[in-house]
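*Asks:* Quick one, query10.pdb (PDB, C-alpha atoms and all ligand atoms):
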ATOM      1  CA  SER A 279       6.831  -6.754   3.998  1.00  0.00           C
ATOM      2  CA  GLY A 280      10.099  -6.305   5.870  1.00  0.00           C
ATOM      3  CA  THR A 281      12.955  -4.135   4.697  1.00  0.00           C
ATOM      4  CA  THR A 282      14.983  -4.087   1.496  1.00  0.00           C
ATOM      5  CA  ARG A 283      18.666  -5.008   1.300  1.00  0.00           C
ATOM      6  CA  PRO A 284      19.780  -1.380   0.886  1.00  0.00           C
ATOM      7  CA  VAL A 285      17.747  -0.417   3.980  1.00  0.00           C
ATOM      8  CA  ARG A 286      19.405  -3.221   5.993  1.00  0.00           C
ATOM      9  CA  ILE A 287      22.822  -1.971   4.846  1.00  0.00           C
ATOM     10  CA  LEU A 288      21.904   1.619   5.783  1.00  0.00           C
ATOM     11  CA  LYS A 289      20.675   0.588   9.244  1.00  0.00           C
ATOM     12  CA  TYR A 290      23.921  -1.301   9.858  1.00  0.00           C
ATOM     13  CA  VAL A 291      25.931   1.768   8.794  1.00  0.00           C
ATOM     14  CA  GLN A 292      23.876   4.099  11.002  1.00  0.00           C
ATOM     15  CA  ARG A 293      24.463   1.755  13.927  1.00  0.00           C
ATOM     16  CA  CYS A 294      28.119   0.842  13.394  1.00  0.00           C
ATOM     17  CA  ALA A 295      29.886   3.589  11.401  1.00  0.00           C
ATOM     18  CA  ASN A 296      31.014   6.866  12.971  1.00  0.00           C
ATOM     19  CA  SER A 297      28.865   9.641  11.559  1.00  0.00           C
ATOM     20  CA  GLY A 298      30.846  12.178   9.552  1.00  0.00           C
ATOM     21  CA  ASP A 299      33.559   9.586   8.874  1.00  0.00           C
ATOM     22  CA  VAL A 300      33.278   8.513   5.231  1.00  0.00           C
ATOM     23  CA  LEU A 301      35.993   5.858   5.496  1.00  0.00           C
ATOM     24  CA  SER A 302      34.187   4.167   8.384  1.00  0.00           C
ATOM     25  CA  VAL A 303      30.961   4.206   6.328  1.00  0.00           C
ATOM     26  CA  ILE A 304      32.758   2.616   3.370  1.00  0.00           C
ATOM     27  CA  SER A 305      34.309  -0.118   5.542  1.00  0.00           C
ATOM     28  CA  ALA A 306      31.012  -0.730   7.355  1.00  0.00           C
ATOM     29  CA  ILE A 307      29.271  -1.367   4.012  1.00  0.00           C
ATOM     30  CA  ASP A 308      32.095  -3.722   2.976  1.00  0.00           C
ATOM     31  CA  ALA A 309      31.965  -5.521   6.353  1.00  0.00           C
ATOM     32  CA  TYR A 310      28.196  -6.016   6.156  1.00  0.00           C
ATOM     33  CA  CYS A 311      28.228  -7.169   2.515  1.00  0.00           C
ATOM     34  CA  SER A 312      31.113  -9.601   3.006  1.00  0.00           C
ATOM     35  CA  LYS A 313      29.851 -11.069   6.315  1.00  0.00           C
ATOM     36  CA  VAL A 314      26.049 -10.718   6.366  1.00  0.00           C
ATOM     37  CA  GLU A 315      24.583 -10.410   2.862  1.00  0.00           C
ATOM     38  CA  TRP A 316      26.130  -9.768  -0.535  1.00  0.00           C
ATOM     39  CA  ALA A 317      25.242  -6.573  -2.397  1.00  0.00           C
ATOM     40  CA  MET A 318      26.338  -5.167  -5.744  1.00  0.00           C
ATOM     41  CA  ASN A 319      28.656  -2.413  -4.489  1.00  0.00           C
ATOM     42  CA  VAL A 320      31.858  -1.965  -6.450  1.00  0.00           C
ATOM     43  CA  GLY A 321      33.623  -3.196  -3.292  1.00  0.00           C
ATOM     44  CA  ASP A 322      37.090  -2.670  -1.885  1.00  0.00           C
ATOM     45  CA  GLU A 323      39.290  -4.279  -4.567  1.00  0.00           C
ATOM     46  CA  LYS A 324      37.669  -2.632  -7.608  1.00  0.00           C
ATOM     47  CA  GLY A 325      37.071   0.398  -5.372  1.00  0.00           C
ATOM     48  CA  ALA A 326      40.829   0.832  -5.037  1.00  0.00           C
ATOM     49  CA  ILE A 327      41.089   0.948  -8.846  1.00  0.00           C
ATOM     50  CA  LEU A 328      38.296   3.558  -8.883  1.00  0.00           C
ATOM     51  CA  ASP A 329      40.194   5.564  -6.260  1.00  0.00           C
ATOM     52  CA  ALA A 330      43.389   5.464  -8.330  1.00  0.00           C
ATOM     53  CA  VAL A 331      41.581   6.641 -11.475  1.00  0.00           C
ATOM     54  CA  VAL A 332      39.917   9.516  -9.546  1.00  0.00           C
ATOM     55  CA  LEU A 333      43.264  10.581  -8.093  1.00  0.00           C
ATOM     56  CA  GLU A 334      45.096  10.473 -11.434  1.00  0.00           C
ATOM     57  CA  THR A 335      42.231  12.243 -13.291  1.00  0.00           C
ATOM     58  CA  ARG A 336      41.718  14.964 -10.656  1.00  0.00           C
ATOM     59  CA  PRO A 337      38.246  15.574 -12.126  1.00  0.00           C
ATOM     60  CA  ARG A 338      36.303  18.782 -11.713  1.00  0.00           C
ATOM     61  CA  TYR A 339      33.051  17.339 -13.055  1.00  0.00           C
ATOM     62  CA  VAL A 340      32.125  13.710 -12.323  1.00  0.00           C
ATOM     63  CA  LEU A 341      29.039  11.760 -13.420  1.00  0.00           C
ATOM     64  CA  GLU A 342      27.982   8.396 -11.944  1.00  0.00           C
ATOM     65  CA  LEU A 343      25.382   6.213 -13.614  1.00  0.00           C
ATOM     66  CA  GLY A 344      23.616   4.044 -11.016  1.00  0.00           C
ATOM     67  CA  THR A 345      23.835   5.215  -7.389  1.00  0.00           C
ATOM     68  CA  TYR A 346      22.216   2.188  -5.645  1.00  0.00           C
ATOM     69  CA  CYS A 347      23.350   2.494  -1.971  1.00  0.00           C
ATOM     70  CA  GLY A 348      25.881   5.234  -2.730  1.00  0.00           C
ATOM     71  CA  TYR A 349      29.010   3.193  -1.933  1.00  0.00           C
ATOM     72  CA  SER A 350      30.979   4.232  -5.032  1.00  0.00           C
ATOM     73  CA  THR A 351      29.576   7.767  -4.791  1.00  0.00           C
ATOM     74  CA  LEU A 352      31.200   8.046  -1.358  1.00  0.00           C
ATOM     75  CA  ARG A 353      34.518   6.612  -2.568  1.00  0.00           C
ATOM     76  CA  ILE A 354      34.612   9.216  -5.350  1.00  0.00           C
ATOM     77  CA  ALA A 355      33.358  12.156  -3.244  1.00  0.00           C
ATOM     78  CA  HIS A 356      36.016  11.506  -0.601  1.00  0.00           C
ATOM     79  CA  LEU A 357      38.793  12.062  -3.152  1.00  0.00           C
ATOM     80  CA  LEU A 358      37.495  15.173  -4.954  1.00  0.00           C
ATOM     81  CA  ALA A 359      39.077  18.623  -4.641  1.00  0.00           C
ATOM     82  CA  PRO A 360      36.984  21.435  -3.124  1.00  0.00           C
ATOM     83  CA  GLY A 361      34.763  22.959  -5.804  1.00  0.00           C
ATOM     84  CA  ALA A 362      34.547  19.743  -7.826  1.00  0.00           C
ATOM     85  CA  ARG A 363      31.010  18.507  -8.611  1.00  0.00           C
ATOM     86  CA  LEU A 364      29.782  14.912  -8.389  1.00  0.00           C
ATOM     87  CA  ILE A 365      26.448  14.130 -10.070  1.00  0.00           C
ATOM     88  CA  THR A 366      24.922  10.683  -9.525  1.00  0.00           C
ATOM     89  CA  LEU A 367      21.839   9.366 -11.341  1.00  0.00           C
ATOM     90  CA  GLU A 368      19.452   6.826  -9.749  1.00  0.00           C
ATOM     91  CA  MET A 369      16.150   5.827 -11.344  1.00  0.00           C
ATOM     92  CA  ASN A 370      14.735   4.038  -8.273  1.00  0.00           C
ATOM     93  CA  PRO A 371      13.387   6.568  -5.737  1.00  0.00           C
ATOM     94  CA  HIS A 372      13.703   4.093  -2.853  1.00  0.00           C
ATOM     95  CA  TYR A 373      17.395   3.458  -3.548  1.00  0.00           C
ATOM     96  CA  ALA A 374      17.890   7.213  -4.037  1.00  0.00           C
ATOM     97  CA  GLN A 375      16.462   7.875  -0.567  1.00  0.00           C
ATOM     98  CA  VAL A 376      18.698   5.238   1.007  1.00  0.00           C
ATOM     99  CA  ALA A 377      21.734   6.734  -0.731  1.00  0.00           C
ATOM    100  CA  ILE A 378      20.882  10.241   0.495  1.00  0.00           C
ATOM    101  CA  GLU A 379      20.684   8.921   4.068  1.00  0.00           C
ATOM    102  CA  MET A 380      24.024   7.171   3.490  1.00  0.00           C
ATOM    103  CA  PHE A 381      25.591  10.448   2.292  1.00  0.00           C
ATOM    104  CA  ARG A 382      24.144  12.229   5.343  1.00  0.00           C
ATOM    105  CA  HIS A 383      25.683   9.695   7.729  1.00  0.00           C
ATOM    106  CA  ALA A 384      29.035  10.125   5.990  1.00  0.00           C
ATOM    107  CA  GLY A 385      28.703  13.920   6.178  1.00  0.00           C
ATOM    108  CA  LEU A 386      28.998  14.260   2.390  1.00  0.00           C
ATOM    109  CA  ASP A 387      25.402  15.125   1.425  1.00  0.00           C
ATOM    110  CA  ALA A 388      26.538  18.665   0.502  1.00  0.00           C
ATOM    111  CA  GLN A 389      29.240  17.260  -1.808  1.00  0.00           C
ATOM    112  CA  VAL A 390      26.951  15.061  -3.925  1.00  0.00           C
ATOM    113  CA  GLU A 391      24.126  15.978  -6.314  1.00  0.00           C
ATOM    114  CA  LEU A 392      21.775  13.011  -6.703  1.00  0.00           C
ATOM    115  CA  LEU A 393      19.209  13.211  -9.518  1.00  0.00           C
ATOM    116  CA  VAL A 394      16.297  10.757  -9.384  1.00  0.00           C
ATOM    117  CA  GLY A 395      15.397   9.507 -12.834  1.00  0.00           C
ATOM    118  CA  SER A 396      16.546   7.421 -15.756  1.00  0.00           C
ATOM    119  CA  SER A 397      19.884   8.294 -17.350  1.00  0.00           C
ATOM    120  CA  SER A 398      18.273   8.298 -20.794  1.00  0.00           C
ATOM    121  CA  ALA A 399      15.924  11.067 -19.679  1.00  0.00           C
ATOM    122  CA  LEU A 400      18.394  12.976 -17.484  1.00  0.00           C
ATOM    123  CA  ILE A 401      21.599  12.992 -19.572  1.00  0.00           C
ATOM    124  CA  PRO A 402      20.106  15.248 -22.285  1.00  0.00           C
ATOM    125  CA  GLN A 403      19.070  17.721 -19.574  1.00  0.00           C
ATOM    126  CA  LEU A 404      22.355  17.963 -17.659  1.00  0.00           C
ATOM    127  CA  ARG A 405      23.871  20.923 -19.518  1.00  0.00           C
ATOM    128  CA  LYS A 406      20.757  23.043 -19.082  1.00  0.00           C
ATOM    129  CA  LYS A 407      19.777  21.855 -15.595  1.00  0.00           C
ATOM    130  CA  LEU A 408      23.208  21.825 -13.988  1.00  0.00           C
ATOM    131  CA  ASP A 409      25.106  24.288 -16.196  1.00  0.00           C
ATOM    132  CA  ILE A 410      27.766  21.632 -16.836  1.00  0.00           C
ATOM    133  CA  GLU A 411      29.575  21.601 -20.178  1.00  0.00           C
ATOM    134  CA  LYS A 412      31.678  18.457 -20.071  1.00  0.00           C
ATOM    135  CA  PHE A 413      32.422  15.625 -17.642  1.00  0.00           C
ATOM    136  CA  ASP A 414      36.042  14.799 -16.823  1.00  0.00           C
ATOM    137  CA  LEU A 415      35.135  11.386 -15.383  1.00  0.00           C
ATOM    138  CA  VAL A 416      32.106   9.102 -15.784  1.00  0.00           C
ATOM    139  CA  PHE A 417      31.714   6.025 -13.543  1.00  0.00           C
ATOM    140  CA  ILE A 418      29.345   3.541 -15.202  1.00  0.00           C
ATOM    141  CA  ASP A 419      27.744   0.964 -12.904  1.00  0.00           C
ATOM    142  CA  HIS A 420      24.039   0.757 -13.763  1.00  0.00           C
ATOM    143  CA  TRP A 421      22.162  -1.899 -15.790  1.00  0.00           C
ATOM    144  CA  LYS A 422      24.779  -3.518 -18.029  1.00  0.00           C
ATOM    145  CA  VAL A 423      22.589  -3.339 -21.139  1.00  0.00           C
ATOM    146  CA  SER A 424      22.523   0.448 -20.716  1.00  0.00           C
ATOM    147  CA  TYR A 425      26.307   1.018 -20.743  1.00  0.00           C
ATOM    148  CA  LEU A 426      26.574   1.334 -24.534  1.00  0.00           C
ATOM    149  CA  PRO A 427      23.429   3.373 -25.295  1.00  0.00           C
ATOM    150  CA  ASP A 428      24.260   5.804 -22.498  1.00  0.00           C
ATOM    151  CA  THR A 429      27.867   6.196 -23.670  1.00  0.00           C
ATOM    152  CA  LYS A 430      26.593   7.048 -27.162  1.00  0.00           C
ATOM    153  CA  LEU A 431      24.080   9.448 -25.576  1.00  0.00           C
ATOM    154  CA  LEU A 432      26.881  11.201 -23.648  1.00  0.00           C
ATOM    155  CA  GLU A 433      28.780  11.618 -26.950  1.00  0.00           C
ATOM    156  CA  GLU A 434      25.709  12.902 -28.775  1.00  0.00           C
ATOM    157  CA  CYS A 435      24.916  15.411 -26.003  1.00  0.00           C
ATOM    158  CA  GLY A 436      28.464  16.800 -26.242  1.00  0.00           C
ATOM    159  CA  LEU A 437      29.183  15.956 -22.603  1.00  0.00           C
ATOM    160  CA  LEU A 438      32.605  14.366 -23.303  1.00  0.00           C
ATOM    161  CA  LYS A 439      35.779  16.215 -24.259  1.00  0.00           C
ATOM    162  CA  ALA A 440      39.200  14.957 -25.386  1.00  0.00           C
ATOM    163  CA  GLY A 441      40.643  13.386 -22.240  1.00  0.00           C
ATOM    164  CA  SER A 442      37.317  12.529 -20.598  1.00  0.00           C
ATOM    165  CA  VAL A 443      37.644   9.212 -18.772  1.00  0.00           C
ATOM    166  CA  LEU A 444      34.953   6.512 -18.686  1.00  0.00           C
ATOM    167  CA  LEU A 445      35.375   3.852 -15.982  1.00  0.00           C
ATOM    168  CA  ALA A 446      32.975   0.915 -16.297  1.00  0.00           C
ATOM    169  CA  ASP A 447      32.377  -1.674 -13.579  1.00  0.00           C
ATOM    170  CA  ASN A 448      31.541  -5.354 -14.273  1.00  0.00           C
ATOM    171  CA  VAL A 449      32.810  -5.593 -17.825  1.00  0.00           C
ATOM    172  CA  THR A 450      33.607  -9.273 -17.121  1.00  0.00           C
ATOM    173  CA  CYS A 451      30.894 -10.220 -14.591  1.00  0.00           C
ATOM    174  CA  PRO A 452      27.991  -9.863 -15.317  1.00  0.00           C
ATOM    175  CA  GLY A 453      29.678  -8.426 -18.429  1.00  0.00           C
ATOM    176  CA  ALA A 454      28.905  -5.669 -20.917  1.00  0.00           C
ATOM    177  CA  PRO A 455      30.059  -7.229 -24.207  1.00  0.00           C
ATOM    178  CA  ASP A 456      28.596  -4.691 -26.623  1.00  0.00           C
ATOM    179  CA  TYR A 457      30.073  -1.816 -24.574  1.00  0.00           C
ATOM    180  CA  LEU A 458      33.517  -3.500 -24.460  1.00  0.00           C
ATOM    181  CA  GLN A 459      33.484  -4.168 -28.187  1.00  0.00           C
ATOM    182  CA  TYR A 460      32.619  -0.517 -28.818  1.00  0.00           C
ATOM    183  CA  VAL A 461      35.230   1.195 -26.616  1.00  0.00           C
ATOM    184  CA  ARG A 462      37.965  -1.304 -27.589  1.00  0.00           C
ATOM    185  CA  ASN A 463      37.377  -0.971 -31.347  1.00  0.00           C
ATOM    186  CA  SER A 464      36.364   2.655 -31.716  1.00  0.00           C
ATOM    187  CA  PRO A 465      39.189   4.983 -32.857  1.00  0.00           C
ATOM    188  CA  ARG A 466      37.672   7.579 -30.508  1.00  0.00           C
ATOM    189  CA  TYR A 467      38.678   5.681 -27.340  1.00  0.00           C
ATOM    190  CA  GLN A 468      41.903   4.467 -25.789  1.00  0.00           C
ATOM    191  CA  SER A 469      40.802   1.544 -23.589  1.00  0.00           C
ATOM    192  CA  GLN A 470      42.504  -0.410 -20.793  1.00  0.00           C
ATOM    193  CA  TYR A 471      41.267  -3.397 -18.765  1.00  0.00           C
ATOM    194  CA  PHE A 472      41.953  -3.802 -15.028  1.00  0.00           C
ATOM    195  CA  PRO A 473      41.220  -7.359 -13.819  1.00  0.00           C
ATOM    196  CA  ALA A 474      39.910  -7.723 -10.281  1.00  0.00           C
ATOM    197  CA  ARG A 475      37.643 -10.020  -8.294  1.00  0.00           C
ATOM    198  CA  LEU A 476      33.915  -9.443  -8.163  1.00  0.00           C
ATOM    199  CA  GLU A 477      32.973  -7.639  -4.950  1.00  0.00           C
ATOM    200  CA  TYR A 478      33.105  -9.854  -1.826  1.00  0.00           C
ATOM    201  CA  LEU A 479      33.564 -13.070  -3.892  1.00  0.00           C
ATOM    202  CA  GLN A 480      36.336 -15.166  -5.512  1.00  0.00           C
ATOM    203  CA  VAL A 481      34.825 -14.663  -8.968  1.00  0.00           C
ATOM    204  CA  GLU A 482      36.750 -12.918 -11.746  1.00  0.00           C
ATOM    205  CA  ASP A 483      35.592  -9.452 -12.795  1.00  0.00           C
ATOM    206  CA  GLY A 484      37.276  -6.275 -14.008  1.00  0.00           C
ATOM    207  CA  VAL A 485      36.819  -2.603 -14.797  1.00  0.00           C
ATOM    208  CA  GLU A 486      37.496  -0.927 -18.150  1.00  0.00           C
ATOM    209  CA  LYS A 487      39.056   2.535 -18.310  1.00  0.00           C
ATOM    210  CA  SER A 488      38.391   4.269 -21.622  1.00  0.00           C
ATOM    211  CA  VAL A 489      39.770   7.710 -22.487  1.00  0.00           C
ATOM    212  CA  PHE A 490      37.688   9.658 -25.015  1.00  0.00           C
ATOM    213  CA  LEU A 491      40.000  11.101 -27.687  1.00  0.00           C
ATOM    214  CA  GLY A 492      37.546  13.680 -29.049  1.00  0.00           C
TER     215      GLY A 492
HETATM  216  C1  LIG A 501      16.993   3.187 -18.382  1.00  0.00           C
HETATM  217  C2  LIG A 501      17.776   2.212 -17.570  1.00  0.00           C
HETATM  218  C3  LIG A 501      19.226   2.687 -17.466  1.00  0.00           C
HETATM  219  N1  LIG A 501      19.262   3.950 -16.782  1.00  0.00           N
HETATM  220  C4  LIG A 501      19.389   4.081 -15.431  1.00  0.00           C
HETATM  221  N2  LIG A 501      19.326   5.333 -14.935  1.00  0.00           N
HETATM  222  C5  LIG A 501      19.452   5.526 -13.602  1.00  0.00           C
HETATM  223  N3  LIG A 501      19.644   4.534 -12.700  1.00  0.00           N
HETATM  224  C6  LIG A 501      19.706   3.283 -13.191  1.00  0.00           C
HETATM  225  C7  LIG A 501      19.593   2.999 -14.559  1.00  0.00           C
HETATM  226  N4  LIG A 501      19.727   1.657 -14.722  1.00  0.00           N
HETATM  227  C8  LIG A 501      19.908   1.126 -13.488  1.00  0.00           C
HETATM  228  N5  LIG A 501      19.884   2.099 -12.563  1.00  0.00           N
HETATM  229  C9  LIG A 501      20.104   1.954 -11.131  1.00  0.00           C
HETATM  230  O1  LIG A 501      21.463   1.562 -10.969  1.00  0.00           O
HETATM  231  C10 LIG A 501      21.545   0.430 -10.076  1.00  0.00           C
HETATM  232  C11 LIG A 501      21.769  -0.793 -10.908  1.00  0.00           C
HETATM  233  C12 LIG A 501      22.933  -1.458 -10.879  1.00  0.00           C
HETATM  234  C13 LIG A 501      23.098  -2.675 -11.746  1.00  0.00           C
HETATM  235  N6  LIG A 501      24.260  -3.419 -11.293  1.00  0.00           N
HETATM  236  C14 LIG A 501      24.309  -4.732 -11.530  1.00  0.00           C
HETATM  237  O2  LIG A 501      23.436  -5.324 -12.162  1.00  0.00           O
HETATM  238  C15 LIG A 501      25.473  -5.469 -10.959  1.00  0.00           C
HETATM  239  C16 LIG A 501      25.380  -6.864 -10.855  1.00  0.00           C
HETATM  240  C17 LIG A 501      26.410  -7.617 -10.283  1.00  0.00           C
HETATM  241  C18 LIG A 501      26.292  -9.082 -10.196  1.00  0.00           C
HETATM  242  C19 LIG A 501      27.415  -9.890 -10.343  1.00  0.00           C
HETATM  243  C20 LIG A 501      27.312 -11.283 -10.245  1.00  0.00           C
HETATM  244  C21 LIG A 501      26.063 -11.867 -10.002  1.00  0.00           C
HETATM  245  F1  LIG A 501      25.939 -13.184  -9.884  1.00  0.00           F
HETATM  246  C22 LIG A 501      24.935 -11.050  -9.853  1.00  0.00           C
HETATM  247  C23 LIG A 501      25.046  -9.672  -9.931  1.00  0.00           C
HETATM  248  C24 LIG A 501      27.567  -6.975  -9.811  1.00  0.00           C
HETATM  249  C25 LIG A 501      27.665  -5.573  -9.932  1.00  0.00           C
HETATM  250  O3  LIG A 501      28.782  -4.909  -9.485  1.00  0.00           O
HETATM  251  C26 LIG A 501      26.636  -4.815 -10.510  1.00  0.00           C
HETATM  252  O4  LIG A 501      26.802  -3.458 -10.622  1.00  0.00           O
HETATM  253  C27 LIG A 501      20.210   0.436  -9.370  1.00  0.00           C
HETATM  254  C28 LIG A 501      19.832  -0.892  -8.774  1.00  0.00           C
HETATM  255  C29 LIG A 501      19.270   0.884 -10.467  1.00  0.00           C
HETATM  256  O5  LIG A 501      18.064   1.408  -9.957  1.00  0.00           O
HETATM  257 MG    MG A 502      28.868  -2.946 -10.337  1.00  0.00          MG
END
I'd like the structure from this file rewritten - as C-alpha cells, please.
Ligand SMILES: CCCNc1ncnc2c1ncn2[C@@H]1O[C@H](/C=C/CNC(=O)c2cc(-c3ccc(F)cc3)cc(O)c2O)[C@H](C)[C@H]1O
Ligand SMILES: [Mg+2]

*Replies:*
Amino acid sequence: SGTTRPVRILKYVQRCANSGDVLSVISAIDAYCSKVEWAMNVGDEKGAILDAVVLETRPRYVLELGTYCGYSTLRIAHLLAPGARLITLEMNPHYAQVAIEMFRHAGLDAQVELLVGSSSALIPQLRKKLDIEKFDLVFIDHWKVSYLPDTKLLEECGLLKAGSVLLADNVTCPGAPDYLQYVRNSPRYQSQYFPARLEYLQVEDGVEKSVFLG
C-alpha cells in the first residue's frame, strides 16, 4: 500500500512551499528530488533551457505531452503572457490528480488546462474540443517511444504552423533515437541540440529544439 512517489513529492510541496508562489513550488520539487528521492522532472538545468525557449518563443498556444507531477507545466505557465493557453496531456489519472493539486498549491490551476487521456486519442480532438488551430510551442516529455508517432500525428492533424517550436526532453538519456533521426534529417525541421545533465544526476542528457518550417 503506501503512497506513490508523486504523492510524496506533492505532500512535501504542500508542507514546505509557500502556497501561491510558483517559484517556491518549483524549488521545493527540485530540493525533494535531489535530496530525498529522484523523480523524472525536467529539473533545474534543463528547466532553464525550457524557460529560455518559452521566453524567446512568446507562445500563445502551448501543448505539453506528459504532465507527470506538473513540474515542467509550472515552469512554462509561470512565463506565459496573460491570455496564452497551456494544454497538458496526462494518460494516468492518478498522476493527473497529483498535478492538479500541484497547480492548485502554486496558484496556477486557472492557467493550465490538463486533459486526462492518451495523446494519440486526444491530439486529433484538440481543434474541435479546445478551438485551437495551431500550437506555437510543444514540450515533449512523455514515453520516449511516443515522441516520433505523436510528432507525425501533430503534423497530420494540422496543429503545427511554420515557426512552431518542438522542444523534446531526454533525447540523449533515456534517448529518442528515431525522433532525433527524423527531426534532424527532415527538410521540414530546423533542429538544434542543447546538452545538459540529466535531472539531479551527473549523467549526460540534452534537449532538442526543432522549428517546424511548414
Ligand atoms: C500512448 C502513450 C503515449 N501517450 C501519452 N499520452 C499522455 N500521457 C502520457 C503518454 N505517455 C506517457 N504519458 C505520461 O507521461 C509521463 C511519462 C514520462 C516518461 N518519462 C520518462 O520515461 C523519463 C525517464 C527518465 C530516466 C532517465 C534515466 C533513467 F535511468 C531512468 C529514467 C528521465 C526523464 O526526464 C523522463 O522524462 C507519465 C509518467 C505518463 O503517464
Ligand atoms: Mg523527461

*Asks:* Which neighbours of A:Ile365 fall inside 9 Å, counting only C-alpha atoms, when residues of the same chain fewer than 3 positions from it are skipped, and could you give them as a list of chain:residue names?

*Replies:* A:Tyr339, A:Val340, A:Leu341, A:Glu342, A:Leu343, A:Thr351, A:Val390, A:Glu391, A:Leu392, A:Leu393

*Asks:* Could you please extract the residues within 9 Å of ligand MG 502 (chain A), counting all atoms listed in the file, and hand them back as a PyMOL selection string?

*Replies:* chain A and resi 318-321+344+418-422+446-449+451-452+476-477

*Asks:* Could you take the residues named above and write them with C-alpha atoms, as a tab-separated table (two decimals), in the frame of the given file?

*Replies:*
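Saved the output as out38.tsv:
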chain	number	residue	atom	x	y	z
A	318	MET	CA	26.34	-5.17	-5.74
A	319	ASN	CA	28.66	-2.41	-4.49
A	320	VAL	CA	31.86	-1.96	-6.45
A	321	GLY	CA	33.62	-3.20	-3.29
A	344	GLY	CA	23.62	4.04	-11.02
A	418	ILE	CA	29.34	3.54	-15.20
A	419	ASP	CA	27.74	0.96	-12.90
A	420	HIS	CA	24.04	0.76	-13.76
A	421	TRP	CA	22.16	-1.90	-15.79
A	422	LYS	CA	24.78	-3.52	-18.03
A	446	ALA	CA	32.98	0.92	-16.30
A	447	ASP	CA	32.38	-1.67	-13.58
A	448	ASN	CA	31.54	-5.35	-14.27
A	449	VAL	CA	32.81	-5.59	-17.82
A	451	CYS	CA	30.89	-10.22	-14.59
A	452	PRO	CA	27.99	-9.86	-15.32
A	476	LEU	CA	33.92	-9.44	-8.16
A	477	GLU	CA	32.97	-7.64	-4.95

*Asks:* Evaluating the PyMOL selection byres (((chain A and resi 384) around 8) and not hetatm) on the displayed file yields which residues, as a ChimeraX atom specification?

*Replies:* /A:296-300,303,352,380-383,385-387

*Asks:* Using only C-alpha atoms, which residues sit within 6 Å of A:Tyr373 once same-chain residues fewer than 3 positions away are excluded, as an mmCIF file with C-alpha atoms, in the coordinates of the input?

*Replies:*
data_model
loop_
_atom_site.group_PDB
_atom_site.id
_atom_site.type_symbol
_atom_site.label_atom_id
_atom_site.label_comp_id
_atom_site.auth_asym_id
_atom_site.auth_seq_id
_atom_site.Cartn_x
_atom_site.Cartn_y
_atom_site.Cartn_z
ATOM 1 C CA TYR A 346 22.216 2.188 -5.645
ATOM 2 C CA ASN A 370 14.735 4.038 -8.273
ATOM 3 C CA VAL A 376 18.698 5.238 1.007
#

*Asks:* Skip stretch 323-329 of chain A itself and residues of its chain fewer than 2 positions away, then list as a ChimeraX atom specification all residues within 9 Å of it, counting all atoms listed in the file.

*Replies:* /A:319-321,331-334,350,353-354,357,417,445,447,472-478,483-485

*Asks:* I'd like the box whose edges run along x, y and z of the file and which contains every listed atom of ligand LIG 501 (chain A), padded by 4 Å per side; could you state its centre and edge lengths in Å, one decimal, as lines of an AutoDock Vina configuration file?

*Replies:*
center_x = 22.9
center_y = -3.8
center_z = -13.6
size_x = 19.8
size_y = 26.7
size_z = 17.6

*Asks:* Could you state the separation of atom CA of A:Gly280 and atom C18 of ligand LIG 501 (chain A) in Å, given to one decimal place?

*Replies:* 23.0 Å

*Asks:* From the set A:Ala330, A:Leu431, A:Ala388, A:Ala377, which residue has the shortest atom-to-atom contact distance to A:Pro402, counting only C-alpha atoms?

*Replies:*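 Closest to A:Pro402, using only C-alpha atoms: A:Leu431.
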
*Asks:* Please write as a ChimeraX atom specification the full residue list that the PyMOL selection byres (((chain A and resi 289) around 12) and not hetatm) yields on this file.

*Replies:* /A:281-288,290-295,303,306-307,310,347,376-377,379-380,383

*Asks:* Would you list the residues near (20.9, 9.9, -9.4) (no more than 6 Å away, in the coordinates of the file, using only C-alpha atoms) as an mmCIF file with C-alpha atoms, in the coordinates of the input?

*Replies:*
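The resulting part06.cif:
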data_model
loop_
_atom_site.group_PDB
_atom_site.id
_atom_site.type_symbol
_atom_site.label_atom_id
_atom_site.label_comp_id
_atom_site.auth_asym_id
_atom_site.auth_seq_id
_atom_site.Cartn_x
_atom_site.Cartn_y
_atom_site.Cartn_z
ATOM 1 C CA THR A 345 23.835 5.215 -7.389
ATOM 2 C CA THR A 366 24.922 10.683 -9.525
ATOM 3 C CA LEU A 367 21.839 9.366 -11.341
ATOM 4 C CA GLU A 368 19.452 6.826 -9.749
ATOM 5 C CA LEU A 392 21.775 13.011 -6.703
ATOM 6 C CA LEU A 393 19.209 13.211 -9.518
ATOM 7 C CA VAL A 394 16.297 10.757 -9.384
#

*Asks:* Just want the 10 Å neighbourhood of stretch 456-463 of chain A, counted on all atoms listed in the file, with same-chain residues fewer than 4 positions away dropped. Output as a list in words.

*Replies:*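 Everything that qualifies: Lys422, Val423, Ser424, Tyr425, Leu426, Pro427, Asp428, Thr429, Lys430, Leu444, Ala446, Val449, Thr450, Tyr467, Gln468, Ser469, Gln470, Tyr471, Glu486, Lys487, Ser488, Val489 and Phe490 of chain A.
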
*Asks:* Between A:Val416, A:Leu301, A:Leu491, A:Leu438, single out the one closest to A:Arg363, counting only C-alpha atoms.

*Replies:* A:Val416
